[in-house]
file query-v1.csv (CSV, C-alpha atoms and all ligand atoms)
chain,number,residue,atom,x,y,z
A,1,GLN,CA,11.2,165.3,23.5
A,2,THR,CA,14.2,163.8,25.3
A,3,THR,CA,16.9,165.8,26.9
A,4,GLY,CA,18.8,163.4,29.3
A,5,ARG,CA,21.6,161.0,28.4
A,6,LEU,CA,19.1,158.2,28.0
A,7,SER,CA,16.6,158.6,25.2
A,8,LYS,CA,13.1,157.3,24.8
A,9,ALA,CA,14.6,154.0,23.6
A,10,LEU,CA,15.5,153.0,27.1
A,11,GLN,CA,16.0,149.3,27.3
A,12,LEU,CA,17.1,146.7,29.8
A,13,THR,CA,19.5,143.9,29.3
A,14,LEU,CA,21.0,141.0,31.3
A,15,ALA,CA,24.7,141.0,31.6
A,16,VAL,CA,26.9,138.4,33.3
A,17,ILE,CA,30.5,138.4,34.3
A,18,LYS,CA,31.3,134.7,33.9
A,19,PRO,CA,33.4,132.6,36.3
A,20,ASP,CA,36.7,133.0,34.4
A,21,ALA,CA,36.6,136.7,34.9
A,22,ILE,CA,35.2,136.8,38.4
A,23,ALA,CA,38.1,134.5,39.4
A,24,HIS,CA,40.4,137.5,38.7
A,25,PRO,CA,39.3,140.6,40.7
A,26,LEU,CA,41.2,143.1,38.6
A,27,ILE,CA,39.5,141.7,35.5
A,28,ALA,CA,36.1,141.8,37.1
A,29,GLU,CA,36.8,145.4,38.2
A,30,ALA,CA,37.8,146.4,34.7
A,31,ILE,CA,34.6,145.0,33.2
A,32,HIS,CA,32.6,146.7,35.9
A,33,GLN,CA,34.4,149.9,35.0
A,34,THR,CA,33.5,149.4,31.3
A,35,ILE,CA,29.8,149.2,32.3
A,36,LEU,CA,30.1,152.5,34.1
A,37,ASP,CA,32.2,154.2,31.3
A,38,ASN,CA,29.4,153.3,28.9
A,39,ASN,CA,26.7,155.1,30.8
A,40,PHE,CA,24.8,152.0,31.7
A,41,VAL,CA,22.6,152.4,34.8
A,42,ILE,CA,23.1,149.3,37.1
A,43,VAL,CA,19.5,148.4,38.0
A,44,ARG,CA,20.3,145.2,39.9
A,45,CYS,CA,23.6,143.4,40.6
A,46,LYS,CA,24.2,140.1,42.4
A,47,ASP,CA,26.8,137.5,42.8
A,48,LEU,CA,25.8,133.9,42.6
A,49,VAL,CA,26.9,130.3,41.9
A,50,TRP,CA,25.0,128.0,39.5
A,51,LYS,CA,24.3,124.4,40.1
A,52,ARG,CA,24.8,122.3,37.1
A,53,GLN,CA,21.1,122.1,36.6
A,54,ASP,CA,20.8,125.9,36.4
A,55,SER,CA,23.5,125.9,33.8
A,56,GLU,CA,21.8,123.2,31.7
A,57,ARG,CA,18.4,125.0,31.9
A,58,PHE,CA,19.9,128.4,30.9
A,59,TYR,CA,21.8,127.0,27.9
A,60,ALA,CA,19.1,124.5,26.8
A,61,GLU,CA,19.1,126.0,23.3
A,62,HIS,CA,22.7,124.9,22.9
A,63,SER,CA,22.1,121.3,24.1
A,64,GLY,CA,23.0,119.7,20.8
A,65,ARG,CA,26.2,121.6,20.2
A,66,PHE,CA,29.7,120.2,20.6
A,67,PHE,CA,30.6,122.8,23.2
A,68,TYR,CA,27.5,122.2,25.4
A,69,GLN,CA,29.1,120.0,28.0
A,70,ARG,CA,32.1,122.2,28.6
A,71,LEU,CA,29.9,125.3,28.6
A,72,VAL,CA,27.6,123.9,31.2
A,73,GLU,CA,30.5,122.6,33.3
A,74,PHE,CA,32.3,126.0,33.1
A,75,MET,CA,29.3,128.1,33.9
A,76,SER,CA,28.6,126.1,37.1
A,77,SER,CA,32.3,126.0,38.1
A,78,GLY,CA,32.4,129.1,40.4
A,79,PRO,CA,30.9,132.5,41.3
A,80,MET,CA,29.6,134.9,38.7
A,81,ARG,CA,28.0,138.3,38.8
A,82,ALA,CA,24.7,139.1,37.1
A,83,TYR,CA,23.5,142.6,36.3
A,84,ILE,CA,20.4,144.2,35.0
A,85,LEU,CA,21.6,147.1,32.9
A,86,ALA,CA,19.6,150.1,31.6
A,87,ARG,CA,20.6,152.3,28.8
A,88,GLU,CA,19.5,153.6,25.4
A,89,ASP,CA,19.8,150.5,23.1
A,90,ALA,CA,21.2,148.5,26.0
A,91,ILE,CA,21.1,145.1,24.3
A,92,ARG,CA,23.1,146.0,21.3
A,93,HIS,CA,25.4,148.3,23.1
A,94,TRP,CA,26.4,145.7,25.7
A,95,ARG,CA,27.0,143.1,23.0
A,96,ASP,CA,29.2,145.6,21.2
A,97,GLN,CA,31.2,146.1,24.3
A,98,MET,CA,31.7,142.3,24.8
A,99,GLY,CA,32.7,141.8,21.1
A,100,PRO,CA,32.7,138.6,19.1
A,101,THR,CA,32.1,135.3,21.0
A,102,LYS,CA,35.3,133.8,19.7
A,103,VAL,CA,38.3,135.3,21.4
A,104,PHE,CA,40.8,135.1,18.6
A,105,GLN,CA,38.3,136.7,16.2
A,106,ALA,CA,37.7,139.4,18.8
A,107,ARG,CA,41.4,140.2,19.0
A,108,TYR,CA,41.6,140.6,15.2
A,109,THR,CA,38.4,142.6,14.6
A,110,SER,CA,37.9,144.6,17.7
A,111,PRO,CA,40.9,144.6,20.1
A,112,ALA,CA,39.4,147.1,22.5
A,113,CYS,CA,36.4,144.9,23.3
A,114,ILE,CA,36.0,143.0,26.6
A,115,ARG,CA,36.5,139.5,25.1
A,116,ALA,CA,39.6,140.6,23.2
A,117,ARG,CA,41.1,142.1,26.3
A,118,PHE,CA,40.3,139.4,28.8
A,119,GLY,CA,38.9,136.3,27.1
A,120,LEU,CA,40.8,133.0,27.5
A,121,THR,CA,39.0,130.7,25.0
A,122,ASP,CA,35.8,130.6,23.0
A,123,THR,CA,34.0,129.1,26.1
A,124,ARG,CA,35.8,131.1,28.8
A,125,ASN,CA,35.0,134.4,27.2
A,126,THR,CA,34.4,136.6,30.2
A,127,THR,CA,30.9,137.8,29.7
A,128,HIS,CA,27.3,137.2,28.6
A,129,GLY,CA,24.7,139.5,27.2
A,130,SER,CA,21.1,139.0,26.1
A,131,ASP,CA,20.8,139.0,22.3
A,132,SER,CA,17.2,140.3,21.8
A,133,PRO,CA,14.4,141.8,23.8
A,134,GLU,CA,12.8,138.4,24.2
A,135,SER,CA,16.1,136.9,25.6
A,136,ALA,CA,16.5,139.8,27.9
A,137,GLN,CA,13.0,139.3,29.3
A,138,ARG,CA,13.7,135.5,29.8
A,139,GLU,CA,17.2,136.0,31.2
A,140,ILE,CA,16.2,138.8,33.6
A,141,SER,CA,13.5,136.5,35.0
A,142,PHE,CA,15.9,133.6,35.2
A,143,PHE,CA,18.4,135.6,37.3
A,144,PHE,CA,16.0,137.9,39.1
A,145,PRO,CA,12.7,136.1,39.4
A,146,ASP,CA,11.1,138.9,41.5
A,147,PHE,CA,12.0,141.6,39.0
A,148,ASN,CA,9.2,142.9,36.7
A,149,VAL,CA,10.5,144.4,33.5
A,150,ASP,CA,7.3,146.1,32.3
A,151,GLN,CA,6.6,147.6,35.7
A,152,TRP,CA,10.2,148.9,36.1
A,153,LEU,CA,10.1,150.5,32.6
A,154,LYS,CA,6.7,152.1,33.2
A,155,LYS,CA,7.8,153.6,36.5
A,156,GLU,CA,11.4,154.6,35.7
A,157,GLU,CA,11.4,155.4,32.0
A,158,PRO,CA,9.9,159.0,32.6
A,159,LEU,CA,12.7,159.7,35.1
A,160,PHE,CA,15.4,159.0,32.5
A,161,ARG,CA,14.1,161.5,30.0
A,201,LIG,P1,26.1,134.4,24.8
A,201,LIG,O1,24.9,133.6,24.4
A,201,LIG,O2,26.7,133.9,26.1
A,201,LIG,O3,25.9,135.9,24.8
A,201,LIG,O4,27.2,134.2,23.8
A,201,LIG,P2,27.1,134.4,22.2
A,201,LIG,O5,25.7,134.7,21.8
A,201,LIG,O6,28.2,135.3,21.9
A,201,LIG,O7,27.5,132.9,21.8
A,201,LIG,P3,26.7,131.6,21.6
A,201,LIG,O8,27.0,131.1,20.3
A,201,LIG,O9,25.3,131.8,22.0
A,201,LIG,O10,27.3,130.7,22.7
A,201,LIG,C1,27.0,130.8,24.0
A,201,LIG,C2,28.2,130.6,24.9
A,201,LIG,O11,28.8,129.3,24.7
A,201,LIG,C3,30.2,129.3,24.8
A,201,LIG,N1,30.8,128.8,23.6
A,201,LIG,N2,31.8,128.0,23.6
A,201,LIG,N3,33.5,126.8,20.6
A,201,LIG,C4,33.2,126.9,21.9
A,201,LIG,O12,33.9,126.3,22.8
A,201,LIG,C5,32.1,127.7,22.3
A,201,LIG,N4,31.3,128.4,21.5
A,201,LIG,C6,30.4,129.1,22.4
A,201,LIG,C7,30.6,130.7,25.1
A,201,LIG,O13,30.8,130.9,26.5
A,201,LIG,C8,29.4,131.5,24.5
A,201,LIG,O14,29.3,132.8,25.1
A,202,MG,MG,24.0,133.5,22.5

call {"tool": "encode", "arguments": {"input": "query-v1.csv", "output": "structure tokens"}}
result
Amino acid sequence: QTTGRLSKALQLTLAVIKPDAIAHPLIAEAIHQTILDNNFVIVRCKDLVWKRQDSERFYAEHSGRFFYQRLVEFMSSGPMRAYILAREDAIRHWRDQMGPTKVFQARYTSPACIRARFGLTDTRNTTHGSDSPESAQREISFFFPDFNVDQWLKKEEPLFR
């Protein structure tokens, strides 16, 4: 039986505000506000800058793609902000808030989403979000090596009921 605003399907996801959006404080603030408005609990938050190697490692799955070089370059071009977010159905819900990867598609199909509002190009598209529980686990460890997902859920999940 669940009574709180978070159900038993409490989930963690990894969200990033990318360098294009962090470069503009009002945009970063608006994205942060979207996180709060959507009842995500901010479990961890930190600002960081990637070296090119971090970028290459994080996006290794895209290494053959035509946009890989500019993606890697962009993601190591300046500060970004990483969050661990908790919510019911957090992974899907955060991706819904971001909207489609491609900014012009986002503007047509879902003009209220983050990428439609603030995205510049298909690469400089403001935000990242894990796309599955497996990615969330990997990406949370990538950004927050000391954070133990299973331990956190075991300890905190009952408090969210
Ligand atoms: P993400 O992995 O960051 O959540 O993004 P996604 O699933 O929506 O998109 P994906 O296809 O996995 O691409 C990863 C990131 O690469 C950049 N990208 N640039 N045509 C392009 O220039 C292009 N296509 C993708 C974006 O920054 C995208 O988020
Ligand atoms: Mg992806």

call {"tool": "closest_residue", "arguments": {"input": "query-v1.csv", "among": "A:Val41, A:Leu159, A:Ile140, A:Ala15", "to": "Glu88 in chain A", "atoms": "only C-alpha atoms"}}
result
A:Val41

call {"tool": "closest_residue", "arguments": {"input": "query-v1.csv", "among": "A:Ile91, A:Leu10, A:Ile84, A:Leu48", "to": "ligand LIG 201 (chain A)", "atoms": "all atoms listed in the file"}}
result
A:Ile91

call {"tool": "residues_around", "arguments": {"input": "query-v1.csv", "residues": "Lys46 in chain A", "least_positions_apart": "2", "cutoff": "10 Å", "atoms": "only C-alpha atoms", "output": "ChimeraX atom specification"}}
result
/A:16,44,48,80-84,143-144

call {"tool": "residues_near_ligand", "arguments": {"input": "query-v1.csv", "ligand": "ligand LIG 201 (chain A)", "cutoff": "8 Å", "atoms": "all atoms listed in the file", "output": "list in words"}}
result
Tyr59, His62, Phe66, Phe67, Tyr68, Arg70, Leu71, Arg95, Gly99, Pro100, Thr101, Lys102, Thr121, Asp122, Thr123, Arg124, Asn125, Thr126, Thr127, His128, Gly129, Ser130 and Asp131 of chain A

call {"tool": "closest_residue", "arguments": {"input": "query-v1.csv", "among": "A:Ala112, A:Val43, A:Glu134, A:Ala21", "to": "Phe147 in chain A", "atoms": "all atoms listed in the file"}}
result
A:Val43

call {"tool": "atom_distance", "arguments": {"input": "query-v1.csv", "atom1": "CA of Met98 in chain A", "atom2": "CA of Phe74 in chain A"}}
result
18.3 Å

call {"tool": "closest_residue", "arguments": {"input": "query-v1.csv", "among": "A:Phe58, A:Pro19, A:Ile27, A:Thr13", "to": "Ile114 in chain A", "atoms": "all atoms listed in the file"}}
result
A:Ile27

call {"tool": "atom_distance", "arguments": {"input": "query-v1.csv", "atom1": "CA of Arg107 in chain A", "atom2": "CA of Ala30 in chain A"}}
result
17.3 Å

call {"tool": "atom_distance", "arguments": {"input": "query-v1.csv", "atom1": "CA of Leu14 in chain A", "atom2": "CA of Gln105 in chain A"}}
result
23.4 Å

call {"tool": "closest_residue", "arguments": {"input": "query-v1.csv", "among": "A:Cys113, A:Ala60, A:Ala86, A:Ile42", "to": "ligand MG 202 (chain A)", "atoms": "all atoms listed in the file"}}
result
A:Ala60

call {"tool": "closest_residue", "arguments": {"input": "query-v1.csv", "among": "A:Leu120, A:Asn39, A:Val72, A:Ala28", "to": "Arg52 in chain A", "atoms": "all atoms listed in the file"}}
result
A:Val72
